[in-house]
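S.K.: Contents of final_19.txt (compact mmCIF, N, CA, C and O atoms) are given next:
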# COMPACT_ATOMS: atom_id res chain seq x y z
N MET Z 1 -11.35 13.73 7.91
CA MET Z 1 -10.66 12.69 7.17
C MET Z 1 -11.17 11.34 7.62
O MET Z 1 -11.19 11.05 8.81
N SER Z 2 -11.51 10.53 6.66
CA SER Z 2 -12.07 9.24 7.02
C SER Z 2 -11.05 8.11 6.96
O SER Z 2 -11.24 7.09 7.57
N LYS Z 3 -9.96 8.31 6.24
CA LYS Z 3 -8.96 7.25 6.13
C LYS Z 3 -7.91 7.37 7.23
O LYS Z 3 -7.57 8.46 7.66
N LYS Z 4 -7.41 6.22 7.64
CA LYS Z 4 -6.39 6.18 8.67
C LYS Z 4 -5.04 6.59 8.07
O LYS Z 4 -4.69 6.18 6.98
N THR Z 5 -4.28 7.42 8.77
CA THR Z 5 -2.96 7.82 8.30
C THR Z 5 -1.90 6.97 8.98
O THR Z 5 -2.15 6.33 10.00
N ASN Z 6 -0.70 6.96 8.41
CA ASN Z 6 0.41 6.21 8.97
C ASN Z 6 0.59 6.54 10.44
O ASN Z 6 0.78 7.70 10.80
N ALA Z 7 0.51 5.52 11.25
CA ALA Z 7 0.73 5.61 12.70
C ALA Z 7 -0.15 6.67 13.34
O ALA Z 7 0.15 7.19 14.39
N ASP Z 8 -1.27 7.00 12.67
CA ASP Z 8 -2.18 8.02 13.18
C ASP Z 8 -1.43 9.29 13.58
O ASP Z 8 -1.72 9.92 14.58
N SER Z 9 -0.45 9.65 12.79
CA SER Z 9 0.40 10.80 13.08
C SER Z 9 -0.40 12.10 13.05
O SER Z 9 -1.07 12.42 12.08
N ARG Z 10 -0.29 12.86 14.10
CA ARG Z 10 -0.96 14.16 14.19
C ARG Z 10 -0.45 15.09 13.10
O ARG Z 10 -1.21 15.83 12.48
N VAL Z 11 0.84 15.05 12.82
CA VAL Z 11 1.43 15.91 11.80
C VAL Z 11 0.86 15.58 10.43
O VAL Z 11 0.49 16.48 9.67
N LEU Z 12 0.76 14.30 10.11
CA LEU Z 12 0.21 13.91 8.81
C LEU Z 12 -1.25 14.30 8.69
O LEU Z 12 -1.70 14.76 7.64
N ARG Z 13 -2.01 14.10 9.77
CA ARG Z 13 -3.43 14.50 9.74
C ARG Z 13 -3.56 16.00 9.50
O ARG Z 13 -4.38 16.44 8.70
N GLU Z 14 -2.74 16.78 10.18
CA GLU Z 14 -2.81 18.23 10.02
C GLU Z 14 -2.35 18.66 8.63
O GLU Z 14 -2.91 19.59 8.04
N LEU Z 15 -1.34 17.99 8.10
CA LEU Z 15 -0.88 18.28 6.74
C LEU Z 15 -2.00 18.04 5.73
O LEU Z 15 -2.27 18.90 4.87
N LEU Z 16 -2.67 16.92 5.84
CA LEU Z 16 -3.75 16.62 4.91
C LEU Z 16 -4.92 17.58 5.08
O LEU Z 16 -5.54 18.00 4.10
N GLU Z 17 -5.21 17.95 6.30
CA GLU Z 17 -6.30 18.90 6.55
C GLU Z 17 -5.98 20.26 5.94
O GLU Z 17 -6.82 20.88 5.29
N THR Z 18 -4.76 20.72 6.12
CA THR Z 18 -4.34 22.00 5.55
C THR Z 18 -4.36 21.95 4.03
O THR Z 18 -4.84 22.88 3.37
N ALA Z 19 -3.85 20.87 3.47
CA ALA Z 19 -3.85 20.72 2.02
C ALA Z 19 -5.28 20.69 1.47
O ALA Z 19 -5.56 21.28 0.42
N ALA Z 20 -6.19 20.03 2.16
CA ALA Z 20 -7.59 19.98 1.73
C ALA Z 20 -8.20 21.38 1.75
O ALA Z 20 -8.95 21.75 0.84
N ASP Z 21 -7.88 22.14 2.80
CA ASP Z 21 -8.38 23.52 2.87
C ASP Z 21 -7.83 24.36 1.72
O ASP Z 21 -8.56 25.13 1.09
N LEU Z 22 -6.53 24.23 1.45
CA LEU Z 22 -5.93 24.97 0.35
C LEU Z 22 -6.50 24.54 -1.00
O LEU Z 22 -6.70 25.35 -1.90
N SER Z 23 -6.78 23.26 -1.11
CA SER Z 23 -7.37 22.73 -2.34
C SER Z 23 -8.76 23.32 -2.57
O SER Z 23 -9.14 23.60 -3.71
N ALA Z 24 -9.50 23.52 -1.50
CA ALA Z 24 -10.84 24.10 -1.61
C ALA Z 24 -10.79 25.51 -2.19
O ALA Z 24 -11.74 25.95 -2.84
N TYR Z 25 -9.68 26.21 -1.98
CA TYR Z 25 -9.50 27.55 -2.53
C TYR Z 25 -8.74 27.54 -3.86
O TYR Z 25 -8.38 28.60 -4.38
N GLY Z 26 -8.46 26.35 -4.37
CA GLY Z 26 -7.78 26.23 -5.66
C GLY Z 26 -6.29 26.45 -5.60
O GLY Z 26 -5.65 26.65 -6.63
N LEU Z 27 -5.70 26.40 -4.41
CA LEU Z 27 -4.26 26.63 -4.26
C LEU Z 27 -3.44 25.35 -4.31
O LEU Z 27 -2.22 25.42 -4.44
N VAL Z 28 -4.07 24.22 -4.20
CA VAL Z 28 -3.42 22.93 -4.34
C VAL Z 28 -4.19 22.15 -5.40
O VAL Z 28 -5.42 22.02 -5.31
N SER Z 29 -3.48 21.66 -6.40
CA SER Z 29 -4.14 20.96 -7.50
C SER Z 29 -4.65 19.59 -7.06
O SER Z 29 -4.20 19.05 -6.03
N LYS Z 30 -5.56 19.05 -7.84
CA LYS Z 30 -6.08 17.71 -7.54
C LYS Z 30 -4.96 16.68 -7.62
O LYS Z 30 -4.92 15.74 -6.81
N ALA Z 31 -4.05 16.84 -8.57
CA ALA Z 31 -2.92 15.91 -8.70
C ALA Z 31 -2.03 15.95 -7.47
O ALA Z 31 -1.60 14.91 -6.95
N ASP Z 32 -1.75 17.16 -6.98
CA ASP Z 32 -0.93 17.29 -5.77
C ASP Z 32 -1.65 16.72 -4.55
O ASP Z 32 -1.04 16.10 -3.69
N MET Z 33 -2.96 16.91 -4.48
CA MET Z 33 -3.75 16.34 -3.38
C MET Z 33 -3.68 14.82 -3.41
O MET Z 33 -3.53 14.17 -2.37
N ALA Z 34 -3.77 14.25 -4.61
CA ALA Z 34 -3.70 12.80 -4.75
C ALA Z 34 -2.34 12.29 -4.30
O ALA Z 34 -2.24 11.24 -3.63
N ARG Z 35 -1.28 13.00 -4.64
CA ARG Z 35 0.07 12.59 -4.22
C ARG Z 35 0.21 12.65 -2.69
O ARG Z 35 0.78 11.75 -2.08
N MET Z 36 -0.31 13.70 -2.09
CA MET Z 36 -0.23 13.82 -0.63
C MET Z 36 -1.00 12.70 0.05
O MET Z 36 -0.53 12.12 1.03
N ASN Z 37 -2.18 12.38 -0.48
CA ASN Z 37 -2.95 11.26 0.08
C ASN Z 37 -2.20 9.96 -0.06
O ASN Z 37 -2.18 9.14 0.86
N ALA Z 38 -1.55 9.76 -1.20
CA ALA Z 38 -0.80 8.52 -1.42
C ALA Z 38 0.35 8.38 -0.43
O ALA Z 38 0.64 7.28 0.03
N PHE Z 39 0.99 9.49 -0.08
CA PHE Z 39 2.09 9.44 0.87
C PHE Z 39 1.62 9.28 2.31
O PHE Z 39 2.27 8.65 3.12
N CYS Z 40 0.50 9.88 2.63
CA CYS Z 40 0.07 9.94 4.03
C CYS Z 40 -0.88 8.84 4.46
O CYS Z 40 -0.92 8.50 5.63
N VAL Z 41 -1.65 8.31 3.54
CA VAL Z 41 -2.64 7.31 3.90
C VAL Z 41 -1.98 5.93 3.93
O VAL Z 41 -1.32 5.52 2.97
N ALA Z 42 -2.15 5.25 5.03
CA ALA Z 42 -1.56 3.92 5.18
C ALA Z 42 -2.25 2.91 4.26
O ALA Z 42 -3.45 3.03 4.00
N PRO Z 43 -1.50 1.95 3.74
CA PRO Z 43 -2.13 0.92 2.90
C PRO Z 43 -3.06 0.05 3.75
O PRO Z 43 -2.91 -0.01 4.98
N PRO Z 44 -4.00 -0.62 3.10
CA PRO Z 44 -4.91 -1.49 3.87
C PRO Z 44 -4.17 -2.70 4.42
O PRO Z 44 -3.05 -3.00 4.03
N GLU Z 45 -4.82 -3.39 5.36
CA GLU Z 45 -4.25 -4.64 5.87
C GLU Z 45 -4.54 -5.74 4.85
O GLU Z 45 -5.59 -5.75 4.22
N TYR Z 46 -3.61 -6.65 4.72
CA TYR Z 46 -3.73 -7.72 3.74
C TYR Z 46 -3.90 -9.07 4.41
O TYR Z 46 -3.03 -9.51 5.14
N SER Z 47 -5.04 -9.70 4.14
CA SER Z 47 -5.29 -11.05 4.65
C SER Z 47 -4.53 -12.04 3.78
O SER Z 47 -4.13 -11.70 2.65
N PRO Z 48 -4.33 -13.25 4.26
CA PRO Z 48 -3.66 -14.26 3.43
C PRO Z 48 -4.37 -14.47 2.08
O PRO Z 48 -3.70 -14.56 1.04
N GLN Z 49 -5.69 -14.48 2.09
CA GLN Z 49 -6.43 -14.68 0.85
C GLN Z 49 -6.20 -13.53 -0.13
O GLN Z 49 -6.10 -13.74 -1.34
N ARG Z 50 -6.11 -12.33 0.40
CA ARG Z 50 -5.90 -11.16 -0.46
C ARG Z 50 -4.50 -11.17 -1.07
O ARG Z 50 -4.32 -10.81 -2.23
N VAL Z 51 -3.50 -11.58 -0.29
CA VAL Z 51 -2.13 -11.67 -0.81
C VAL Z 51 -2.08 -12.71 -1.93
O VAL Z 51 -1.50 -12.46 -3.00
N VAL Z 52 -2.71 -13.86 -1.72
CA VAL Z 52 -2.74 -14.90 -2.76
C VAL Z 52 -3.44 -14.36 -4.01
O VAL Z 52 -2.96 -14.57 -5.14
N ALA Z 53 -4.55 -13.65 -3.82
CA ALA Z 53 -5.29 -13.11 -4.96
C ALA Z 53 -4.44 -12.11 -5.75
O ALA Z 53 -4.47 -12.11 -6.99
N ILE Z 54 -3.68 -11.30 -5.07
CA ILE Z 54 -2.83 -10.33 -5.75
C ILE Z 54 -1.72 -11.06 -6.50
O ILE Z 54 -1.45 -10.77 -7.68
N ARG Z 55 -1.09 -12.00 -5.84
CA ARG Z 55 0.03 -12.73 -6.47
C ARG Z 55 -0.43 -13.55 -7.66
O ARG Z 55 0.18 -13.50 -8.73
N THR Z 56 -1.53 -14.28 -7.51
CA THR Z 56 -1.97 -15.18 -8.58
C THR Z 56 -2.86 -14.50 -9.61
O THR Z 56 -2.77 -14.81 -10.79
N GLY Z 57 -3.69 -13.57 -9.17
CA GLY Z 57 -4.64 -12.95 -10.08
C GLY Z 57 -4.12 -11.71 -10.78
O GLY Z 57 -4.33 -11.53 -11.97
N VAL Z 58 -3.44 -10.85 -10.04
CA VAL Z 58 -2.96 -9.60 -10.61
C VAL Z 58 -1.56 -9.78 -11.20
O VAL Z 58 -1.32 -9.47 -12.36
N ALA Z 59 -0.64 -10.26 -10.36
CA ALA Z 59 0.75 -10.40 -10.81
C ALA Z 59 0.98 -11.67 -11.63
O ALA Z 59 1.88 -11.72 -12.45
N ARG Z 60 0.17 -12.70 -11.37
CA ARG Z 60 0.30 -14.00 -12.04
C ARG Z 60 1.74 -14.52 -11.98
O ARG Z 60 2.38 -14.76 -12.99
N MET Z 61 2.22 -14.68 -10.74
CA MET Z 61 3.60 -15.09 -10.50
C MET Z 61 3.68 -16.18 -9.45
O MET Z 61 2.79 -16.30 -8.62
N SER Z 62 4.78 -16.90 -9.49
CA SER Z 62 5.06 -17.87 -8.44
C SER Z 62 5.48 -17.10 -7.19
O SER Z 62 5.81 -15.91 -7.25
N GLN Z 63 5.47 -17.80 -6.06
CA GLN Z 63 5.91 -17.17 -4.82
C GLN Z 63 7.35 -16.69 -4.93
O GLN Z 63 7.69 -15.62 -4.44
N GLN Z 64 8.19 -17.48 -5.58
CA GLN Z 64 9.60 -17.13 -5.69
C GLN Z 64 9.81 -15.85 -6.49
O GLN Z 64 10.54 -14.95 -6.07
N VAL Z 65 9.17 -15.73 -7.62
CA VAL Z 65 9.32 -14.54 -8.45
C VAL Z 65 8.71 -13.33 -7.74
O VAL Z 65 9.30 -12.24 -7.72
N PHE Z 66 7.53 -13.51 -7.17
CA PHE Z 66 6.86 -12.42 -6.46
C PHE Z 66 7.72 -11.92 -5.30
O PHE Z 66 7.89 -10.71 -5.12
N ALA Z 67 8.30 -12.83 -4.55
CA ALA Z 67 9.17 -12.46 -3.43
C ALA Z 67 10.38 -11.67 -3.94
O ALA Z 67 10.75 -10.66 -3.34
N SER Z 68 10.94 -12.09 -5.03
CA SER Z 68 12.09 -11.41 -5.60
C SER Z 68 11.75 -9.98 -6.00
O SER Z 68 12.50 -9.04 -5.73
N ILE Z 69 10.60 -9.79 -6.62
CA ILE Z 69 10.19 -8.45 -7.04
C ILE Z 69 9.91 -7.54 -5.85
O ILE Z 69 10.23 -6.36 -5.87
N LEU Z 70 9.32 -8.10 -4.80
CA LEU Z 70 9.04 -7.31 -3.59
C LEU Z 70 10.25 -7.17 -2.68
O LEU Z 70 10.19 -6.48 -1.66
N ASN Z 71 11.35 -7.86 -3.03
CA ASN Z 71 12.58 -7.84 -2.24
C ASN Z 71 12.37 -8.38 -0.83
O ASN Z 71 12.82 -7.81 0.16
N VAL Z 72 11.63 -9.49 -0.76
CA VAL Z 72 11.45 -10.23 0.49
C VAL Z 72 11.79 -11.69 0.23
O VAL Z 72 11.94 -12.11 -0.91
N SER Z 73 11.88 -12.47 1.27
CA SER Z 73 12.19 -13.90 1.09
C SER Z 73 10.93 -14.67 0.69
O SER Z 73 9.81 -14.23 0.94
N VAL Z 74 11.15 -15.83 0.07
CA VAL Z 74 10.04 -16.71 -0.28
C VAL Z 74 9.31 -17.12 0.99
O VAL Z 74 8.07 -17.19 1.01
N SER Z 75 10.05 -17.35 2.04
CA SER Z 75 9.46 -17.71 3.33
C SER Z 75 8.49 -16.63 3.82
O SER Z 75 7.42 -16.94 4.37
N THR Z 76 8.83 -15.39 3.61
CA THR Z 76 7.97 -14.28 4.02
C THR Z 76 6.65 -14.32 3.25
O THR Z 76 5.57 -14.20 3.84
N VAL Z 77 6.73 -14.51 1.94
CA VAL Z 77 5.51 -14.59 1.12
C VAL Z 77 4.67 -15.78 1.58
O VAL Z 77 3.45 -15.69 1.69
N GLN Z 78 5.31 -16.90 1.86
CA GLN Z 78 4.59 -18.09 2.32
C GLN Z 78 3.87 -17.81 3.64
O GLN Z 78 2.73 -18.23 3.83
N LYS Z 79 4.53 -17.09 4.53
CA LYS Z 79 3.90 -16.75 5.82
C LYS Z 79 2.73 -15.79 5.62
O LYS Z 79 1.71 -15.91 6.30
N TRP Z 80 2.88 -14.82 4.71
CA TRP Z 80 1.78 -13.90 4.41
C TRP Z 80 0.56 -14.66 3.91
O TRP Z 80 -0.57 -14.29 4.18
N GLU Z 81 0.80 -15.72 3.14
CA GLU Z 81 -0.29 -16.46 2.52
C GLU Z 81 -0.85 -17.57 3.40
O GLU Z 81 -1.85 -18.18 3.06
N SER Z 82 -0.23 -17.82 4.53
CA SER Z 82 -0.67 -18.87 5.43
C SER Z 82 -1.56 -18.30 6.54
O SER Z 82 -1.11 -17.48 7.34
N PRO Z 83 -2.82 -18.75 6.60
CA PRO Z 83 -3.71 -18.25 7.66
C PRO Z 83 -3.21 -18.57 9.06
O PRO Z 83 -3.45 -17.81 10.00
N SER Z 84 -2.49 -19.66 9.22
CA SER Z 84 -2.03 -20.05 10.56
C SER Z 84 -0.78 -19.29 11.00
O SER Z 84 -0.45 -19.27 12.18
N ALA Z 85 -0.08 -18.63 10.07
CA ALA Z 85 1.16 -17.93 10.43
C ALA Z 85 0.88 -16.59 11.12
O ALA Z 85 1.72 -16.10 11.87
N ALA Z 86 -0.27 -16.00 10.88
CA ALA Z 86 -0.65 -14.71 11.49
C ALA Z 86 0.38 -13.62 11.21
O ALA Z 86 0.60 -12.75 12.04
N LYS Z 87 1.02 -13.68 10.05
CA LYS Z 87 1.96 -12.64 9.66
C LYS Z 87 1.37 -11.90 8.47
O LYS Z 87 0.88 -12.52 7.52
N HIS Z 88 1.39 -10.57 8.54
CA HIS Z 88 0.80 -9.76 7.48
C HIS Z 88 1.84 -8.78 6.95
O HIS Z 88 2.69 -8.31 7.70
N PRO Z 89 1.74 -8.43 5.67
CA PRO Z 89 2.66 -7.43 5.12
C PRO Z 89 2.46 -6.09 5.82
O PRO Z 89 1.33 -5.71 6.14
N SER Z 90 3.55 -5.40 6.04
CA SER Z 90 3.47 -4.08 6.65
C SER Z 90 4.54 -3.19 6.03
O SER Z 90 5.40 -3.66 5.29
N GLY Z 91 4.46 -1.92 6.32
CA GLY Z 91 5.47 -0.98 5.86
C GLY Z 91 5.58 -0.92 4.35
O GLY Z 91 4.58 -0.85 3.64
N ALA Z 92 6.81 -0.95 3.87
CA ALA Z 92 7.08 -0.84 2.44
C ALA Z 92 6.45 -1.99 1.65
O ALA Z 92 5.94 -1.78 0.54
N ALA Z 93 6.46 -3.18 2.21
CA ALA Z 93 5.87 -4.33 1.51
C ALA Z 93 4.37 -4.13 1.31
O ALA Z 93 3.83 -4.42 0.24
N ALA Z 94 3.68 -3.62 2.31
CA ALA Z 94 2.25 -3.37 2.18
C ALA Z 94 1.98 -2.28 1.15
O ALA Z 94 1.03 -2.37 0.37
N LYS Z 95 2.83 -1.28 1.11
CA LYS Z 95 2.68 -0.20 0.13
C LYS Z 95 2.89 -0.77 -1.28
O LYS Z 95 2.14 -0.44 -2.21
N LEU Z 96 3.90 -1.63 -1.46
CA LEU Z 96 4.13 -2.24 -2.77
C LEU Z 96 2.96 -3.13 -3.17
O LEU Z 96 2.54 -3.11 -4.34
N LEU Z 97 2.42 -3.90 -2.23
CA LEU Z 97 1.25 -4.72 -2.54
C LEU Z 97 0.07 -3.85 -2.97
O LEU Z 97 -0.67 -4.20 -3.89
N HIS Z 98 -0.09 -2.73 -2.32
CA HIS Z 98 -1.17 -1.80 -2.67
C HIS Z 98 -0.99 -1.28 -4.10
O HIS Z 98 -1.95 -1.21 -4.87
N ILE Z 99 0.24 -0.95 -4.45
CA ILE Z 99 0.53 -0.48 -5.81
C ILE Z 99 0.23 -1.58 -6.82
O ILE Z 99 -0.40 -1.33 -7.85
N VAL Z 100 0.69 -2.80 -6.55
CA VAL Z 100 0.44 -3.92 -7.46
C VAL Z 100 -1.07 -4.16 -7.60
O VAL Z 100 -1.58 -4.35 -8.70
N GLU Z 101 -1.77 -4.11 -6.48
CA GLU Z 101 -3.22 -4.36 -6.50
C GLU Z 101 -3.97 -3.30 -7.29
O GLU Z 101 -4.91 -3.61 -8.02
N THR Z 102 -3.56 -2.05 -7.17
CA THR Z 102 -4.31 -0.97 -7.82
C THR Z 102 -3.82 -0.63 -9.22
O THR Z 102 -4.62 -0.24 -10.07
N LYS Z 103 -2.52 -0.79 -9.47
CA LYS Z 103 -1.97 -0.36 -10.76
C LYS Z 103 -1.37 -1.49 -11.59
O LYS Z 103 -0.95 -1.27 -12.72
N GLY Z 104 -1.27 -2.68 -11.00
CA GLY Z 104 -0.68 -3.81 -11.71
C GLY Z 104 0.79 -3.95 -11.41
O GLY Z 104 1.45 -3.01 -10.97
N ILE Z 105 1.31 -5.12 -11.70
CA ILE Z 105 2.72 -5.43 -11.42
C ILE Z 105 3.66 -4.56 -12.25
O ILE Z 105 4.78 -4.25 -11.83
N GLU Z 106 3.19 -4.12 -13.41
CA GLU Z 106 4.03 -3.29 -14.29
C GLU Z 106 4.44 -1.99 -13.62
O GLU Z 106 5.48 -1.42 -13.96
N ALA Z 107 3.66 -1.52 -12.67
CA ALA Z 107 3.97 -0.26 -11.99
C ALA Z 107 5.24 -0.34 -11.18
O ALA Z 107 5.89 0.69 -10.94
N ILE Z 108 5.64 -1.54 -10.75
CA ILE Z 108 6.87 -1.62 -9.95
C ILE Z 108 8.02 -2.30 -10.68
O ILE Z 108 9.14 -2.25 -10.21
N ILE Z 109 7.75 -2.93 -11.81
CA ILE Z 109 8.85 -3.57 -12.52
C ILE Z 109 9.24 -2.83 -13.80
O ILE Z 109 10.17 -3.21 -14.48
N ALA Z 110 8.53 -1.77 -14.11
CA ALA Z 110 8.82 -1.02 -15.34
C ALA Z 110 10.00 -0.10 -15.18
O ALA Z 110 10.39 0.30 -14.18
Translate this structure into structure tokens?
M.R.:
Amino acid sequence: MSKKTNADSRVLRELLETAADLSAYGLVSKADMARMNAFCVAPPEYSPQRVVAIRTGVARMSQQVFASILNVSVSTVQKWESPSAAKHPSGAAAKLLHIVETKGIEAIIA
């Protein structure tokens, strides 16, 4: 496995390895494999520039609206976007940003 899993969990690594082996024998579908990867693989780290690009380019929203949709404070979004704040999205917020970045804002507001 080349991608990092959440907290480098041994259990998650073994789960993905077992599922990949089963998939090779046709016992796990490609769709199920994709779902397992989505649950187990940690989202990427988000730089301030990347957060701004997602908010302005993909979601096309103000900080206030974007914060509301992600269920975080405006101050949090401002800190994510500030290079000097050294605060990055993590956990559920990083996963939501990943979804917005890959599937669009409609994936979480629909």
S.K.: Neighbouring residues of range 45-59 of chain Z were defined as those with any atom within 5 Å, considering only N, CA, C and O atoms; residues of the same chain fewer than 5 positions away were excluded. Please report them as a ChimeraX atom specification.
M.R.: /Z:80-81,88-89
S.K.: Pick from Z:Thr76, Z:Arg60, Z:Ser68, Z:Leu16: nearest to Arg35 in chain Z, with only C-alpha atoms counted?
M.R.: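 Once distances to Arg35 in chain Z are computed over only C-alpha atoms, the minimum belongs to Z:Leu16.
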S.K.: What does the structure give for the distance between atom O of Ser82 in chain Z and atom O of His98 in chain Z, in Å to one decimal?
M.R.: 20.4 Å
S.K.: Any idea what the distance is between CA of Glu101 in chain Z and atom C of Ala38 in chain Z?
M.R.: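 Atom C of Ala38 in chain Z lies 14.6 Å from CA of Glu101 in chain Z.
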S.K.: I'd like the interatomic distance between CA of Tyr25 in chain Z and CA of Arg10 in chain Z, to a tenth of an Å.
M.R.: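 Separation of CA of Tyr25 in chain Z and CA of Arg10 in chain Z: 23.1 Å.
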S.K.: Could you pull out all residues of chain Z with a DSSP call of alpha helix (DSSP H) and give them as a PyMOL selection string?
M.R.: chain Z and resi 10-24+30-40+48-53+63-70+74-81+91-103+106-109
